[in-house]
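Enquirer: The structure's right below; bear with me while I get my questions together.
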Amino acid sequence: MPVVAAQKVASELGWLSKQPEEFRRILLSACELRSHRRGEQLYSLGDGPGGLFCLVRGFLSVLVAAGPSPPFLGFIARPGWWAGESAAITRTHRRVELLARTDVDVLHLPLARLERLAQSDPTIWRRLAEISVSHLDNALLLAATLFDDNPQTRIASTLCRLAGPGMESDEETFIDCSQQELGEMAGLSRNSAGPVIRHLEQQGLIRREYKRFIFNPVRLRAYRAAPEKAK
């Protein structure tokens with residue numbers, strides 16, 4: 001993927017698209033483009049602080065763990081998604097593990113370059129905190145989903161969450177994952193998730209291809225708010 005194309009994706013999707021133009025230009029000029037093959041690890045739980053990553057092509061598995069619990073698939077990231085800011089801001093360990101689900105391209109901002117940018121523009125720390133807030137919002141939506149006693153709205157909420165930066169888009173998008181993975185992220189077993197997915201298909205709210213779910217986030221959000229009114 002050409003660097004210019006990667007910078008365009010980062011500028012138009014997600015956190016950076018909401019920042020001032022001059023800030024976007026300066027930050028992107030400090031980034032380097034990296035490629036990872038499917039199955040490669042970008043960083044692991046417990047790794048030391050490092051730089052920032054912005055996904056610009058492909059999909060990433062985001063594995064999380066709480067305390068002694070084993071890691072589980074908590075999220076699937078798509079282009080426009082940023083990570084690494086919390087460890088960089090606090091100089092603490094990584095709290096998630098990133099694995100390439102597909103071949104991916106990422107923009108990487110090394111920690112040393114980030115610190116040099118902050119010397120000339122201290123507001124960068126506040127701007128990076130916006131990424132942390134978006135991750136907190138994602139975690140709160142996950143928690144709310146797992147407390148929902150309706151398995152249909154659990155699946156709908158999970159797909160909305162997986163829309164990432166396009167969560168409010170009234171257009172079809174897709175996520176590449178298996179039925180088992182979708183059920184896991186919704187707190188459902190594979191056997192429990194199957195009938196729910198078929199029901200949502202019958203409602204015309206999702207379509208399935210091989211290990212791919214196609215959906216409109218706005219329609220699913222409306223269904224999640226009032227499932228009894230769905231046609």
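Labels for the structure tokens follow display order: chains A, B, ..., residues from 1 in each chain, ligands from 1.
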Stretch 79-208 of chain A: which residues are strand (DSSP E) by DSSP, as a count of residues only?
Expert: 20
Enquirer: Do a neighbour search on stretch 169-180 of chain A at 10 Å with only C-alpha atoms, toss out local chain neighbours closer than 4 positions, and write the hits as a PDB file with all heavy atoms, in the first residue's frame.
Expert:
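Wrote result-v4.pdb, looks like this:
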ATOM      1  N   GLY A  58      -6.922  -3.971   6.098  1.00  0.00           N
ATOM      2  CA  GLY A  58      -7.107  -5.276   6.704  1.00  0.00           C
ATOM      3  C   GLY A  58      -7.815  -5.205   8.044  1.00  0.00           C
ATOM      4  O   GLY A  58      -8.409  -4.186   8.412  1.00  0.00           O
ATOM      5  N   PHE A  59      -7.735  -6.311   8.805  1.00  0.00           N
ATOM      6  CA  PHE A  59      -8.419  -6.425  10.085  1.00  0.00           C
ATOM      7  C   PHE A  59      -7.458  -6.976  11.138  1.00  0.00           C
ATOM      8  O   PHE A  59      -6.610  -7.820  10.835  1.00  0.00           O
ATOM      9  CB  PHE A  59      -9.632  -7.354   9.982  1.00  0.00           C
ATOM     10  CG  PHE A  59     -10.757  -6.793   9.159  1.00  0.00           C
ATOM     11  CD1 PHE A  59     -10.831  -7.033   7.797  1.00  0.00           C
ATOM     12  CD2 PHE A  59     -11.739  -6.019   9.743  1.00  0.00           C
ATOM     13  CE1 PHE A  59     -11.858  -6.512   7.027  1.00  0.00           C
ATOM     14  CE2 PHE A  59     -12.780  -5.492   8.993  1.00  0.00           C
ATOM     15  CZ  PHE A  59     -12.841  -5.745   7.629  1.00  0.00           C
ATOM     16  N   SER A  61      -7.248  -8.687  15.148  1.00  0.00           N
ATOM     17  CA  SER A  61      -7.886  -9.257  16.324  1.00  0.00           C
ATOM     18  C   SER A  61      -7.336  -8.544  17.545  1.00  0.00           C
ATOM     19  O   SER A  61      -6.113  -8.411  17.700  1.00  0.00           O
ATOM     20  CB  SER A  61      -7.590 -10.757  16.442  1.00  0.00           C
ATOM     21  OG  SER A  61      -8.217 -11.486  15.415  1.00  0.00           O
ATOM     22  N   ILE A  76     -12.699  -6.731  16.892  1.00  0.00           N
ATOM     23  CA  ILE A  76     -12.020  -6.852  15.596  1.00  0.00           C
ATOM     24  C   ILE A  76     -11.901  -5.449  15.027  1.00  0.00           C
ATOM     25  O   ILE A  76     -12.911  -4.786  14.772  1.00  0.00           O
ATOM     26  CB  ILE A  76     -12.798  -7.772  14.641  1.00  0.00           C
ATOM     27  CG1 ILE A  76     -12.877  -9.188  15.208  1.00  0.00           C
ATOM     28  CG2 ILE A  76     -12.127  -7.795  13.258  1.00  0.00           C
ATOM     29  CD1 ILE A  76     -13.746 -10.139  14.404  1.00  0.00           C
ATOM     30  N   ALA A  77     -10.675  -4.985  14.872  1.00  0.00           N
ATOM     31  CA  ALA A  77     -10.434  -3.616  14.427  1.00  0.00           C
ATOM     32  C   ALA A  77     -10.398  -3.540  12.911  1.00  0.00           C
ATOM     33  O   ALA A  77      -9.958  -4.468  12.233  1.00  0.00           O
ATOM     34  CB  ALA A  77      -9.119  -3.100  15.004  1.00  0.00           C
ATOM     35  N   ARG A  78     -10.846  -2.403  12.401  1.00  0.00           N
ATOM     36  CA  ARG A  78     -10.887  -2.141  10.973  1.00  0.00           C
ATOM     37  C   ARG A  78     -10.138  -0.831  10.692  1.00  0.00           C
ATOM     38  O   ARG A  78      -9.773  -0.109  11.614  1.00  0.00           O
ATOM     39  CB  ARG A  78     -12.322  -2.066  10.480  1.00  0.00           C
ATOM     40  CG  ARG A  78     -13.127  -0.937  11.080  1.00  0.00           C
ATOM     41  CD  ARG A  78     -14.533  -0.857  10.505  1.00  0.00           C
ATOM     42  NE  ARG A  78     -15.326  -2.033  10.791  1.00  0.00           N
ATOM     43  CZ  ARG A  78     -15.940  -2.744   9.829  1.00  0.00           C
ATOM     44  NH1 ARG A  78     -15.852  -2.382   8.560  1.00  0.00           N
ATOM     45  NH2 ARG A  78     -16.665  -3.803  10.146  1.00  0.00           N
ATOM     46  N   ARG A 101      -5.468 -10.430  11.553  1.00  0.00           N
ATOM     47  CA  ARG A 101      -6.432 -11.430  11.072  1.00  0.00           C
ATOM     48  C   ARG A 101      -6.255 -11.666   9.571  1.00  0.00           C
ATOM     49  O   ARG A 101      -6.599 -12.725   9.051  1.00  0.00           O
ATOM     50  CB  ARG A 101      -7.860 -10.948  11.317  1.00  0.00           C
ATOM     51  CG  ARG A 101      -8.261 -10.865  12.753  1.00  0.00           C
ATOM     52  CD  ARG A 101      -9.698 -10.360  12.891  1.00  0.00           C
ATOM     53  NE  ARG A 101     -10.663 -11.297  12.346  1.00  0.00           N
ATOM     54  CZ  ARG A 101     -11.180 -12.324  13.024  1.00  0.00           C
ATOM     55  NH1 ARG A 101     -10.794 -12.545  14.278  1.00  0.00           N
ATOM     56  NH2 ARG A 101     -12.070 -13.127  12.471  1.00  0.00           N
ATOM     57  N   THR A 102      -5.806 -10.646   8.890  1.00  0.00           N
ATOM     58  CA  THR A 102      -5.520 -10.689   7.465  1.00  0.00           C
ATOM     59  C   THR A 102      -4.143 -10.076   7.274  1.00  0.00           C
ATOM     60  O   THR A 102      -3.535  -9.602   8.238  1.00  0.00           O
ATOM     61  CB  THR A 102      -6.558  -9.855   6.683  1.00  0.00           C
ATOM     62  OG1 THR A 102      -6.454  -8.478   7.104  1.00  0.00           O
ATOM     63  CG2 THR A 102      -7.983 -10.351   6.930  1.00  0.00           C
ATOM     64  N   LEU A 159     -22.423  -6.429  16.577  1.00  0.00           N
ATOM     65  CA  LEU A 159     -22.127  -6.046  15.201  1.00  0.00           C
ATOM     66  C   LEU A 159     -22.005  -4.532  15.084  1.00  0.00           C
ATOM     67  O   LEU A 159     -21.125  -4.028  14.366  1.00  0.00           O
ATOM     68  CB  LEU A 159     -23.219  -6.574  14.269  1.00  0.00           C
ATOM     69  CG  LEU A 159     -23.173  -8.088  14.008  1.00  0.00           C
ATOM     70  CD1 LEU A 159     -24.415  -8.536  13.245  1.00  0.00           C
ATOM     71  CD2 LEU A 159     -21.913  -8.475  13.230  1.00  0.00           C
ATOM     72  N   LEU A 162     -18.652  -3.637  16.221  1.00  0.00           N
ATOM     73  CA  LEU A 162     -17.620  -4.029  15.265  1.00  0.00           C
ATOM     74  C   LEU A 162     -17.595  -3.146  14.027  1.00  0.00           C
ATOM     75  O   LEU A 162     -16.672  -3.238  13.218  1.00  0.00           O
ATOM     76  CB  LEU A 162     -17.826  -5.496  14.860  1.00  0.00           C
ATOM     77  CG  LEU A 162     -17.620  -6.530  15.964  1.00  0.00           C
ATOM     78  CD1 LEU A 162     -17.981  -7.922  15.478  1.00  0.00           C
ATOM     79  CD2 LEU A 162     -16.181  -6.501  16.474  1.00  0.00           C
ATOM     80  N   ALA A 163     -18.605  -2.288  13.871  1.00  0.00           N
ATOM     81  CA  ALA A 163     -18.578  -1.335  12.757  1.00  0.00           C
ATOM     82  C   ALA A 163     -17.510  -0.272  12.972  1.00  0.00           C
ATOM     83  O   ALA A 163     -17.131   0.432  12.039  1.00  0.00           O
ATOM     84  CB  ALA A 163     -19.945  -0.685  12.581  1.00  0.00           C
ATOM     85  N   PRO A 165     -15.325   2.867  13.399  1.00  0.00           N
ATOM     86  CA  PRO A 165     -15.545   4.260  13.025  1.00  0.00           C
ATOM     87  C   PRO A 165     -16.814   4.477  12.197  1.00  0.00           C
ATOM     88  O   PRO A 165     -17.330   5.585  12.137  1.00  0.00           O
ATOM     89  CB  PRO A 165     -14.287   4.612  12.211  1.00  0.00           C
ATOM     90  CG  PRO A 165     -13.246   3.648  12.673  1.00  0.00           C
ATOM     91  CD  PRO A 165     -13.999   2.382  12.979  1.00  0.00           C
ATOM     92  N   GLU A 184     -18.866 -15.446  20.698  1.00  0.00           N
ATOM     93  CA  GLU A 184     -17.944 -15.222  21.813  1.00  0.00           C
ATOM     94  C   GLU A 184     -17.937 -13.753  22.213  1.00  0.00           C
ATOM     95  O   GLU A 184     -17.997 -13.421  23.408  1.00  0.00           O
ATOM     96  CB  GLU A 184     -16.537 -15.664  21.411  1.00  0.00           C
ATOM     97  CG  GLU A 184     -15.472 -15.424  22.477  1.00  0.00           C
ATOM     98  CD  GLU A 184     -14.072 -15.820  22.020  1.00  0.00           C
ATOM     99  OE1 GLU A 184     -13.963 -16.535  21.011  1.00  0.00           O
ATOM    100  OE2 GLU A 184     -13.102 -15.405  22.674  1.00  0.00           O
ATOM    101  N   MET A 185     -17.871 -12.862  21.230  1.00  0.00           N
ATOM    102  CA  MET A 185     -17.836 -11.434  21.545  1.00  0.00           C
ATOM    103  C   MET A 185     -19.159 -10.936  22.113  1.00  0.00           C
ATOM    104  O   MET A 185     -19.213  -9.902  22.781  1.00  0.00           O
ATOM    105  CB  MET A 185     -17.444 -10.635  20.298  1.00  0.00           C
ATOM    106  CG  MET A 185     -15.980 -10.777  19.932  1.00  0.00           C
ATOM    107  SD  MET A 185     -15.495  -9.787  18.491  1.00  0.00           S
ATOM    108  CE  MET A 185     -16.141 -10.815  17.155  1.00  0.00           C
ATOM    109  N   ALA A 186     -20.239 -11.685  21.860  1.00  0.00           N
ATOM    110  CA  ALA A 186     -21.551 -11.329  22.403  1.00  0.00           C
ATOM    111  C   ALA A 186     -21.847 -12.084  23.695  1.00  0.00           C
ATOM    112  O   ALA A 186     -22.932 -11.921  24.266  1.00  0.00           O
ATOM    113  CB  ALA A 186     -22.639 -11.619  21.370  1.00  0.00           C
ATOM    114  N   LEU A 188     -22.135 -15.387  23.967  1.00  0.00           N
ATOM    115  CA  LEU A 188     -23.021 -16.508  23.675  1.00  0.00           C
ATOM    116  C   LEU A 188     -22.196 -17.690  23.153  1.00  0.00           C
ATOM    117  O   LEU A 188     -21.159 -17.499  22.521  1.00  0.00           O
ATOM    118  CB  LEU A 188     -24.050 -16.121  22.603  1.00  0.00           C
ATOM    119  CG  LEU A 188     -25.001 -14.961  22.929  1.00  0.00           C
ATOM    120  CD1 LEU A 188     -25.784 -14.571  21.681  1.00  0.00           C
ATOM    121  CD2 LEU A 188     -25.946 -15.347  24.060  1.00  0.00           C
ATOM    122  N   SER A 189     -22.679 -18.889  23.407  1.00  0.00           N
ATOM    123  CA  SER A 189     -22.041 -20.057  22.832  1.00  0.00           C
ATOM    124  C   SER A 189     -22.361 -20.129  21.344  1.00  0.00           C
ATOM    125  O   SER A 189     -23.300 -19.477  20.859  1.00  0.00           O
ATOM    126  CB  SER A 189     -22.531 -21.337  23.521  1.00  0.00           C
ATOM    127  OG  SER A 189     -23.901 -21.575  23.199  1.00  0.00           O
ATOM    128  N   ARG A 190     -21.599 -20.946  20.621  1.00  0.00           N
ATOM    129  CA  ARG A 190     -21.860 -21.099  19.188  1.00  0.00           C
ATOM    130  C   ARG A 190     -23.271 -21.630  18.952  1.00  0.00           C
ATOM    131  O   ARG A 190     -23.985 -21.162  18.061  1.00  0.00           O
ATOM    132  CB  ARG A 190     -20.829 -22.038  18.575  1.00  0.00           C
ATOM    133  CG  ARG A 190     -21.025 -22.259  17.090  1.00  0.00           C
ATOM    134  CD  ARG A 190     -19.952 -23.148  16.503  1.00  0.00           C
ATOM    135  NE  ARG A 190     -20.139 -23.349  15.075  1.00  0.00           N
ATOM    136  CZ  ARG A 190     -19.336 -24.078  14.315  1.00  0.00           C
ATOM    137  NH1 ARG A 190     -18.281 -24.670  14.850  1.00  0.00           N
ATOM    138  NH2 ARG A 190     -19.564 -24.215  13.029  1.00  0.00           N
ATOM    139  N   ASN A 191     -23.686 -22.596  19.773  1.00  0.00           N
ATOM    140  CA  ASN A 191     -25.027 -23.170  19.602  1.00  0.00           C
ATOM    141  C   ASN A 191     -26.121 -22.164  19.911  1.00  0.00           C
ATOM    142  O   ASN A 191     -27.189 -22.169  19.288  1.00  0.00           O
ATOM    143  CB  ASN A 191     -25.184 -24.413  20.491  1.00  0.00           C
ATOM    144  CG  ASN A 191     -24.354 -25.582  20.003  1.00  0.00           C
ATOM    145  OD1 ASN A 191     -23.971 -25.640  18.834  1.00  0.00           O
ATOM    146  ND2 ASN A 191     -24.070 -26.521  20.896  1.00  0.00           N
ATOM    147  N   SER A 192     -25.871 -21.278  20.866  1.00  0.00           N
ATOM    148  CA  SER A 192     -26.857 -20.254  21.200  1.00  0.00           C
ATOM    149  C   SER A 192     -26.896 -19.164  20.143  1.00  0.00           C
ATOM    150  O   SER A 192     -27.963 -18.605  19.849  1.00  0.00           O
ATOM    151  CB  SER A 192     -26.540 -19.639  22.570  1.00  0.00           C
ATOM    152  OG  SER A 192     -26.619 -20.604  23.594  1.00  0.00           O
ATOM    153  N   ALA A 193     -25.736 -18.841  19.582  1.00  0.00           N
ATOM    154  CA  ALA A 193     -25.664 -17.753  18.610  1.00  0.00           C
ATOM    155  C   ALA A 193     -26.335 -18.124  17.289  1.00  0.00           C
ATOM    156  O   ALA A 193     -26.920 -17.253  16.623  1.00  0.00           O
ATOM    157  CB  ALA A 193     -24.207 -17.372  18.366  1.00  0.00           C
ATOM    158  N   GLY A 194     -26.269 -19.419  16.898  1.00  0.00           N
ATOM    159  CA  GLY A 194     -26.792 -19.833  15.601  1.00  0.00           C
ATOM    160  C   GLY A 194     -28.237 -19.452  15.357  1.00  0.00           C
ATOM    161  O   GLY A 194     -28.552 -18.793  14.354  1.00  0.00           O
ATOM    162  N   ILE A 197     -28.677 -15.622  14.974  1.00  0.00           N
ATOM    163  CA  ILE A 197     -28.186 -15.115  13.690  1.00  0.00           C
ATOM    164  C   ILE A 197     -29.177 -15.425  12.589  1.00  0.00           C
ATOM    165  O   ILE A 197     -29.463 -14.573  11.732  1.00  0.00           O
ATOM    166  CB  ILE A 197     -26.787 -15.711  13.398  1.00  0.00           C
ATOM    167  CG1 ILE A 197     -25.757 -15.123  14.379  1.00  0.00           C
ATOM    168  CG2 ILE A 197     -26.378 -15.441  11.951  1.00  0.00           C
ATOM    169  CD1 ILE A 197     -24.412 -15.816  14.352  1.00  0.00           C
ATOM    170  N   ILE A 206     -29.265  -8.756   8.661  1.00  0.00           N
ATOM    171  CA  ILE A 206     -27.894  -9.145   8.343  1.00  0.00           C
ATOM    172  C   ILE A 206     -27.920 -10.126   7.184  1.00  0.00           C
ATOM    173  O   ILE A 206     -28.945 -10.753   6.898  1.00  0.00           O
ATOM    174  CB  ILE A 206     -27.161  -9.791   9.550  1.00  0.00           C
ATOM    175  CG1 ILE A 206     -27.832 -11.116   9.934  1.00  0.00           C
ATOM    176  CG2 ILE A 206     -27.100  -8.836  10.732  1.00  0.00           C
ATOM    177  CD1 ILE A 206     -27.074 -11.875  11.005  1.00  0.00           C
ATOM    178  N   ARG A 207     -26.792 -10.236   6.507  1.00  0.00           N
ATOM    179  CA  ARG A 207     -26.586 -11.261   5.487  1.00  0.00           C
ATOM    180  C   ARG A 207     -25.278 -11.971   5.805  1.00  0.00           C
ATOM    181  O   ARG A 207     -24.352 -11.361   6.342  1.00  0.00           O
ATOM    182  CB  ARG A 207     -26.516 -10.648   4.083  1.00  0.00           C
ATOM    183  CG  ARG A 207     -27.849 -10.113   3.596  1.00  0.00           C
ATOM    184  CD  ARG A 207     -27.797  -9.675   2.147  1.00  0.00           C
ATOM    185  NE  ARG A 207     -27.019  -8.452   1.964  1.00  0.00           N
ATOM    186  CZ  ARG A 207     -25.895  -8.363   1.287  1.00  0.00           C
ATOM    187  NH1 ARG A 207     -25.357  -9.443   0.733  1.00  0.00           N
ATOM    188  NH2 ARG A 207     -25.286  -7.201   1.148  1.00  0.00           N
ATOM    189  N   ARG A 208     -25.231 -13.241   5.457  1.00  0.00           N
ATOM    190  CA  ARG A 208     -24.018 -14.015   5.730  1.00  0.00           C
ATOM    191  C   ARG A 208     -23.374 -14.505   4.449  1.00  0.00           C
ATOM    192  O   ARG A 208     -24.054 -14.949   3.529  1.00  0.00           O
ATOM    193  CB  ARG A 208     -24.332 -15.217   6.616  1.00  0.00           C
ATOM    194  CG  ARG A 208     -24.324 -14.938   8.077  1.00  0.00           C
ATOM    195  CD  ARG A 208     -24.400 -16.213   8.888  1.00  0.00           C
ATOM    196  NE  ARG A 208     -25.657 -16.924   8.732  1.00  0.00           N
ATOM    197  CZ  ARG A 208     -25.933 -18.078   9.347  1.00  0.00           C
ATOM    198  NH1 ARG A 208     -25.035 -18.650  10.120  1.00  0.00           N
ATOM    199  NH2 ARG A 208     -27.099 -18.662   9.169  1.00  0.00           N
ATOM    200  N   GLU A 209     -22.078 -14.410   4.402  1.00  0.00           N
ATOM    201  CA  GLU A 209     -21.268 -15.099   3.422  1.00  0.00           C
ATOM    202  C   GLU A 209     -20.292 -15.963   4.221  1.00  0.00           C
ATOM    203  O   GLU A 209     -20.380 -16.021   5.444  1.00  0.00           O
ATOM    204  CB  GLU A 209     -20.540 -14.095   2.517  1.00  0.00           C
ATOM    205  CG  GLU A 209     -21.499 -13.251   1.679  1.00  0.00           C
ATOM    206  CD  GLU A 209     -20.782 -12.224   0.831  1.00  0.00           C
ATOM    207  OE1 GLU A 209     -19.540 -12.096   0.977  1.00  0.00           O
ATOM    208  OE2 GLU A 209     -21.454 -11.541   0.035  1.00  0.00           O
ATOM    209  N   TYR A 210     -19.362 -16.610   3.564  1.00  0.00           N
ATOM    210  CA  TYR A 210     -18.431 -17.482   4.276  1.00  0.00           C
ATOM    211  C   TYR A 210     -17.597 -16.660   5.251  1.00  0.00           C
ATOM    212  O   TYR A 210     -16.808 -15.796   4.852  1.00  0.00           O
ATOM    213  CB  TYR A 210     -17.524 -18.218   3.296  1.00  0.00           C
ATOM    214  CG  TYR A 210     -16.505 -19.104   3.987  1.00  0.00           C
ATOM    215  CD1 TYR A 210     -16.901 -20.257   4.670  1.00  0.00           C
ATOM    216  CD2 TYR A 210     -15.160 -18.778   3.964  1.00  0.00           C
ATOM    217  CE1 TYR A 210     -15.979 -21.070   5.305  1.00  0.00           C
ATOM    218  CE2 TYR A 210     -14.220 -19.581   4.595  1.00  0.00           C
ATOM    219  CZ  TYR A 210     -14.636 -20.721   5.265  1.00  0.00           C
ATOM    220  OH  TYR A 210     -13.717 -21.514   5.894  1.00  0.00           O
ATOM    221  N   LYS A 211     -17.794 -16.898   6.555  1.00  0.00           N
ATOM    222  CA  LYS A 211     -17.081 -16.200   7.621  1.00  0.00           C
ATOM    223  C   LYS A 211     -17.145 -14.678   7.449  1.00  0.00           C
ATOM    224  O   LYS A 211     -16.189 -13.958   7.738  1.00  0.00           O
ATOM    225  CB  LYS A 211     -15.634 -16.671   7.707  1.00  0.00           C
ATOM    226  CG  LYS A 211     -15.495 -18.095   8.226  1.00  0.00           C
ATOM    227  CD  LYS A 211     -14.052 -18.460   8.505  1.00  0.00           C
ATOM    228  CE  LYS A 211     -13.957 -19.852   9.128  1.00  0.00           C
ATOM    229  NZ  LYS A 211     -12.564 -20.243   9.438  1.00  0.00           N
ATOM    230  N   ARG A 212     -18.291 -14.186   7.000  1.00  0.00           N
ATOM    231  CA  ARG A 212     -18.469 -12.742   6.832  1.00  0.00           C
ATOM    232  C   ARG A 212     -19.913 -12.381   7.148  1.00  0.00           C
ATOM    233  O   ARG A 212     -20.845 -13.084   6.729  1.00  0.00           O
ATOM    234  CB  ARG A 212     -18.113 -12.294   5.413  1.00  0.00           C
ATOM    235  CG  ARG A 212     -18.503 -10.848   5.100  1.00  0.00           C
ATOM    236  CD  ARG A 212     -17.972 -10.392   3.763  1.00  0.00           C
ATOM    237  NE  ARG A 212     -16.515 -10.256   3.786  1.00  0.00           N
ATOM    238  CZ  ARG A 212     -15.804  -9.712   2.798  1.00  0.00           C
ATOM    239  NH1 ARG A 212     -16.404  -9.294   1.699  1.00  0.00           N
ATOM    240  NH2 ARG A 212     -14.499  -9.608   2.897  1.00  0.00           N
ATOM    241  N   PHE A 213     -20.100 -11.295   7.887  1.00  0.00           N
ATOM    242  CA  PHE A 213     -21.422 -10.764   8.191  1.00  0.00           C
ATOM    243  C   PHE A 213     -21.544  -9.375   7.567  1.00  0.00           C
ATOM    244  O   PHE A 213     -20.670  -8.520   7.760  1.00  0.00           O
ATOM    245  CB  PHE A 213     -21.642 -10.671   9.704  1.00  0.00           C
ATOM    246  CG  PHE A 213     -21.729 -12.012  10.371  1.00  0.00           C
ATOM    247  CD1 PHE A 213     -20.581 -12.662  10.832  1.00  0.00           C
ATOM    248  CD2 PHE A 213     -22.949 -12.643  10.537  1.00  0.00           C
ATOM    249  CE1 PHE A 213     -20.657 -13.898  11.435  1.00  0.00           C
ATOM    250  CE2 PHE A 213     -23.033 -13.894  11.136  1.00  0.00           C
ATOM    251  CZ  PHE A 213     -21.881 -14.522  11.582  1.00  0.00           C
ATOM    252  N   ILE A 214     -22.624  -9.173   6.812  1.00  0.00           N
ATOM    253  CA  ILE A 214     -22.877  -7.910   6.127  1.00  0.00           C
ATOM    254  C   ILE A 214     -24.098  -7.267   6.787  1.00  0.00           C
ATOM    255  O   ILE A 214     -25.125  -7.938   6.982  1.00  0.00           O
ATOM    256  CB  ILE A 214     -23.121  -8.139   4.628  1.00  0.00           C
ATOM    257  CG1 ILE A 214     -21.916  -8.866   4.009  1.00  0.00           C
ATOM    258  CG2 ILE A 214     -23.383  -6.814   3.902  1.00  0.00           C
ATOM    259  CD1 ILE A 214     -22.187  -9.448   2.639  1.00  0.00           C
ATOM    260  N   PHE A 215     -24.011  -5.990   7.115  1.00  0.00           N
ATOM    261  CA  PHE A 215     -25.083  -5.357   7.875  1.00  0.00           C
ATOM    262  C   PHE A 215     -25.020  -3.841   7.736  1.00  0.00           C
ATOM    263  O   PHE A 215     -24.000  -3.272   7.320  1.00  0.00           O
ATOM    264  CB  PHE A 215     -24.980  -5.733   9.357  1.00  0.00           C
ATOM    265  CG  PHE A 215     -23.667  -5.351  10.000  1.00  0.00           C
ATOM    266  CD1 PHE A 215     -23.542  -4.179  10.726  1.00  0.00           C
ATOM    267  CD2 PHE A 215     -22.551  -6.170   9.871  1.00  0.00           C
ATOM    268  CE1 PHE A 215     -22.333  -3.828  11.309  1.00  0.00           C
ATOM    269  CE2 PHE A 215     -21.329  -5.818  10.444  1.00  0.00           C
ATOM    270  CZ  PHE A 215     -21.228  -4.641  11.166  1.00  0.00           C
ATOM    271  N   ASN A 216     -26.132  -3.193   8.078  1.00  0.00           N
ATOM    272  CA  ASN A 216     -26.222  -1.737   8.129  1.00  0.00           C
ATOM    273  C   ASN A 216     -26.238  -1.335   9.606  1.00  0.00           C
ATOM    274  O   ASN A 216     -27.189  -1.658  10.322  1.00  0.00           O
ATOM    275  CB  ASN A 216     -27.504  -1.276   7.426  1.00  0.00           C
ATOM    276  CG  ASN A 216     -27.679   0.231   7.442  1.00  0.00           C
ATOM    277  OD1 ASN A 216     -27.604   0.865   8.480  1.00  0.00           O
ATOM    278  ND2 ASN A 216     -27.944   0.800   6.279  1.00  0.00           N
ATOM    279  N   PRO A 217     -25.220  -0.638  10.094  1.00  0.00           N
ATOM    280  CA  PRO A 217     -25.149  -0.309  11.522  1.00  0.00           C
ATOM    281  C   PRO A 217     -26.336   0.504  12.030  1.00  0.00           C
ATOM    282  O   PRO A 217     -26.802   0.283  13.151  1.00  0.00           O
ATOM    283  CB  PRO A 217     -23.841   0.486  11.640  1.00  0.00           C
ATOM    284  CG  PRO A 217     -23.025   0.057  10.475  1.00  0.00           C
ATOM    285  CD  PRO A 217     -24.000  -0.200   9.374  1.00  0.00           C
ATOM    286  N   VAL A 218     -26.823   1.438  11.226  1.00  0.00           N
ATOM    287  CA  VAL A 218     -27.944   2.270  11.666  1.00  0.00           C
ATOM    288  C   VAL A 218     -29.197   1.423  11.863  1.00  0.00           C
ATOM    289  O   VAL A 218     -29.933   1.574  12.840  1.00  0.00           O
ATOM    290  CB  VAL A 218     -28.193   3.416  10.666  1.00  0.00           C
ATOM    291  CG1 VAL A 218     -29.525   4.108  10.944  1.00  0.00           C
ATOM    292  CG2 VAL A 218     -27.056   4.425  10.730  1.00  0.00           C
ATOM    293  N   ARG A 219     -29.463   0.506  10.928  1.00  0.00           N
ATOM    294  CA  ARG A 219     -30.630  -0.366  11.061  1.00  0.00           C
ATOM    295  C   ARG A 219     -30.499  -1.267  12.292  1.00  0.00           C
ATOM    296  O   ARG A 219     -31.481  -1.501  13.011  1.00  0.00           O
ATOM    297  CB  ARG A 219     -30.803  -1.221   9.816  1.00  0.00           C
ATOM    298  CG  ARG A 219     -31.252  -0.455   8.579  1.00  0.00           C
ATOM    299  CD  ARG A 219     -31.697  -1.419   7.493  1.00  0.00           C
ATOM    300  NE  ARG A 219     -32.866  -2.177   7.934  1.00  0.00           N
ATOM    301  CZ  ARG A 219     -33.240  -3.345   7.411  1.00  0.00           C
ATOM    302  NH1 ARG A 219     -32.517  -3.901   6.446  1.00  0.00           N
ATOM    303  NH2 ARG A 219     -34.312  -3.971   7.849  1.00  0.00           N
ATOM    304  N   LEU A 220     -29.294  -1.762  12.560  1.00  0.00           N
ATOM    305  CA  LEU A 220     -29.111  -2.616  13.724  1.00  0.00           C
ATOM    306  C   LEU A 220     -29.242  -1.817  15.020  1.00  0.00           C
ATOM    307  O   LEU A 220     -29.750  -2.327  16.017  1.00  0.00           O
ATOM    308  CB  LEU A 220     -27.753  -3.309  13.668  1.00  0.00           C
ATOM    309  CG  LEU A 220     -27.660  -4.545  12.777  1.00  0.00           C
ATOM    310  CD1 LEU A 220     -26.270  -5.151  12.858  1.00  0.00           C
ATOM    311  CD2 LEU A 220     -28.700  -5.588  13.164  1.00  0.00           C
TER     312      LEU A 220
END
Enquirer: For A:Ala6, which residue among A:Lys18, A:Arg34, A:Arg127, A:Arg95 is the nearest when counting only C-alpha atoms?
Expert: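 Closest to A:Ala6 of all the choices is A:Arg34.
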Enquirer: With only C-alpha atoms as the basis for distance, which of A:Leu107, A:Gly80, A:Leu73, A:Gly164 is at the shortest distance from A:Leu182?
Expert: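 For A:Leu182, the nearest of the candidates is A:Leu73.
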Enquirer: Could you tell me which of A:Leu52, A:Ala112, A:Ala143, A:Val106 comes closest to A:Leu128 if we count only C-alpha atoms?
Expert: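 Closest to A:Leu128, using only C-alpha atoms: A:Leu52.
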Enquirer: Could you tell me how far atom CA of A:Ala129 sits from atom CA of A:Ser86, in Å to one decimal place?
Expert: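 For atom CA of A:Ser86 relative to atom CA of A:Ala129, the distance reads 7.7 Å.
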Enquirer: Among stretch 42-129 of chain A, which ones does DSSP place in helix (DSSP H, G or I), written as a ChimeraX atom specification?
Expert: /A:85-90,111-120,123-129
Enquirer: Given only C-alpha atoms as the basis, pick out the residue of A:Trp81, A:Trp125, A:Tyr223, A:Phe75 nearest to A:Ala10.
Expert: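 Using only C-alpha atoms, the shortest distance to A:Ala10 belongs to A:Trp81.
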